[in-house]
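Colleague: Mind looking over this structure? Questions follow.
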Amino acid sequence: TLIKPGDEVILFEPFFDLYVNQVKLAGGTPVYVPLTFVPYNDGEDDSSNSVISGGEWILEPEKLQKAISSKTRAVVLNSPHNPTGTVFTRTEMGYIADAVESAGPNCVVL
């Protein structure tokens, strides 16, 4: 099996709710890395009266690096991300690649 008891699996939040139970069923421990929602700037200076009409979800590399450890065995990655629809940028994919590399040779991307 890929995941054994004590292994950690990175999940980007928000995530499809089935992922947590799949990790736990395999004996792994889910580790959550929250994506950050950044609202679009509509050009108004007074944010107290503005309505958020959309935005984007971004990956902050320091949050990912903080979650990675020698116990990390997998990173669940889908792009477009489910449920946000985010398509990770080339830079964000680089952050993920660096994190997987720092976790060691037994870490895979699913």
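By convention in this document, the chains of the structure tokens carry letters A, B, ... by their order, each chain's residues are numbered from 1, and ligands are numbered from 1 in the order they are shown.
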Compile the contact shell of Gln65 of chain A as a list of chain:residue names: residues with an atom at most 10 Å away, counting only C-alpha atoms, same-chain residues fewer than 6 positions apart removed.
Modeller: A:Val33, A:Tyr95, A:Ile96, A:Asp98, A:Ala99, A:Val100, A:Ser102, A:Ala103
Colleague: Going by DSSP on the backbone, which bits of chain A are strand (DSSP E or B)? Write them as a PyMOL selection string, please.
Modeller: chain A and resi 8-13+29-34+36-39+55-58+72-76+108-109
Colleague: Write out, as a CSV table (one decimal), in the first residue's frame, the residues just selected, with N, CA and C atoms.
Modeller:
```
chain,number,residue,atom,x,y,z
A,8,GLU,N,1.6,10.8,6.7
A,8,GLU,CA,0.9,12.0,6.6
A,8,GLU,C,0.6,12.3,5.1
A,9,VAL,N,-0.6,12.8,4.8
A,9,VAL,CA,-1.1,13.2,3.5
A,9,VAL,C,-1.5,14.6,3.5
A,10,ILE,N,-0.9,15.4,2.6
A,10,ILE,CA,-1.3,16.8,2.5
A,10,ILE,C,-2.6,17.0,1.7
A,11,LEU,N,-3.5,17.8,2.3
A,11,LEU,CA,-4.8,18.1,1.6
A,11,LEU,C,-4.9,19.6,1.6
A,12,PHE,N,-5.1,20.2,0.4
A,12,PHE,CA,-5.3,21.6,0.3
A,12,PHE,C,-6.8,21.9,0.6
A,13,GLU,N,-7.0,22.9,1.5
A,13,GLU,CA,-8.3,23.3,1.9
A,13,GLU,C,-8.8,24.5,1.1
A,29,THR,N,-2.7,10.1,8.2
A,29,THR,CA,-3.1,11.2,8.9
A,29,THR,C,-3.2,12.4,8.0
A,30,PRO,N,-4.4,13.0,7.8
A,30,PRO,CA,-4.5,14.1,6.9
A,30,PRO,C,-3.9,15.4,7.6
A,31,VAL,N,-3.2,16.1,6.7
A,31,VAL,CA,-2.5,17.4,7.2
A,31,VAL,C,-3.1,18.4,6.2
A,32,TYR,N,-3.7,19.5,6.8
A,32,TYR,CA,-4.4,20.5,6.0
A,32,TYR,C,-3.5,21.7,5.7
A,33,VAL,N,-3.6,22.1,4.5
A,33,VAL,CA,-2.9,23.3,4.0
A,33,VAL,C,-4.0,24.2,3.4
A,34,PRO,N,-4.3,25.3,4.1
A,34,PRO,CA,-5.4,26.1,3.6
A,34,PRO,C,-4.9,27.0,2.5
A,36,THR,N,-5.6,30.4,0.4
A,36,THR,CA,-6.1,31.7,0.9
A,36,THR,C,-6.9,32.4,-0.2
A,37,PHE,N,-8.1,32.9,0.2
A,37,PHE,CA,-9.0,33.5,-0.7
A,37,PHE,C,-8.6,35.0,-0.8
A,38,VAL,N,-8.4,35.5,-2.0
A,38,VAL,CA,-8.0,36.9,-2.2
A,38,VAL,C,-9.1,37.5,-3.1
A,39,PRO,N,-9.9,38.4,-2.5
A,39,PRO,CA,-11.0,39.0,-3.3
A,39,PRO,C,-10.5,39.9,-4.4
A,55,GLY,N,-13.0,36.4,-6.6
A,55,GLY,CA,-11.7,36.5,-6.2
A,55,GLY,C,-11.0,35.2,-6.7
A,56,GLU,N,-9.8,35.0,-6.1
A,56,GLU,CA,-9.0,33.8,-6.4
A,56,GLU,C,-8.5,33.1,-5.2
A,57,TRP,N,-8.2,31.9,-5.3
A,57,TRP,CA,-7.6,31.1,-4.2
A,57,TRP,C,-6.1,30.9,-4.5
A,58,ILE,N,-5.3,31.3,-3.5
A,58,ILE,CA,-3.8,31.2,-3.8
A,58,ILE,C,-3.2,30.2,-2.8
A,72,THR,N,5.5,12.9,5.6
A,72,THR,CA,4.7,13.2,4.5
A,72,THR,C,4.9,12.1,3.4
A,73,ARG,N,3.9,11.4,3.0
A,73,ARG,CA,4.0,10.4,2.0
A,73,ARG,C,3.3,10.8,0.7
A,74,ALA,N,2.4,11.7,0.8
A,74,ALA,CA,1.6,12.1,-0.4
A,74,ALA,C,1.1,13.5,-0.3
A,75,VAL,N,0.9,14.1,-1.5
A,75,VAL,CA,0.2,15.4,-1.6
A,75,VAL,C,-0.9,15.1,-2.6
A,76,VAL,N,-2.2,15.4,-2.2
A,76,VAL,CA,-3.3,15.2,-3.1
A,76,VAL,C,-3.4,16.5,-3.8
A,108,VAL,N,4.9,11.2,-2.8
A,108,VAL,CA,4.4,11.2,-4.2
A,108,VAL,C,3.3,12.2,-4.2
A,109,VAL,N,2.9,12.6,-5.5
A,109,VAL,CA,1.8,13.5,-5.7
A,109,VAL,C,0.7,12.7,-6.3
```
Colleague: Would you please extract all alpha helix (DSSP H) residues from segment 9-86 of chain A, as assigned by DSSP on the backbone, and give them as a list in words?
Modeller: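 Matching residues for alpha helix (DSSP H) in segment 9-86 of chain A are Leu18, Tyr19, Val20, Asn21, Gln22, Val23, Lys24, Leu25, Pro61, Glu62, Lys63, Leu64, Gln65, Lys66 and Ala67 of chain A.
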Colleague: Any idea what's packed within 9 Å of Glu92 of chain A, counting only C-alpha atoms, ignoring anything in its chain fewer than 6 positions away? Could you give it as a ChimeraX atom specification?
Modeller: /A:58-61
Colleague: Just checking: using only C-alpha atoms, which residue out of A:Leu2, A:Ile68, A:Leu35, A:Cys107 ends up closest to Asn82 of chain A?
Modeller: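 Result for the nearest residue to Asn82 of chain A: A:Leu35.
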Colleague: Atom CA of Val87 of chain A and atom CA of Asn21 of chain A, how far apart in Å?
Modeller: 24.4 Å
Colleague: Using only C-alpha atoms, which of the listed residues (A:Thr1, A:Ser79, A:Thr84, A:Ser70) sits closest to Phe16 of chain A?
Modeller: A:Thr84
Colleague: Leaving out Pro83 of chain A and any residue of its chain fewer than 2 positions from it, which residues lie within 8 Å of it when counting only C-alpha atoms, given as a list in words?
Modeller: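 Here the qualifying residues turn out to be Pro14, Phe15, Phe16, His81 and Gly85 of chain A.
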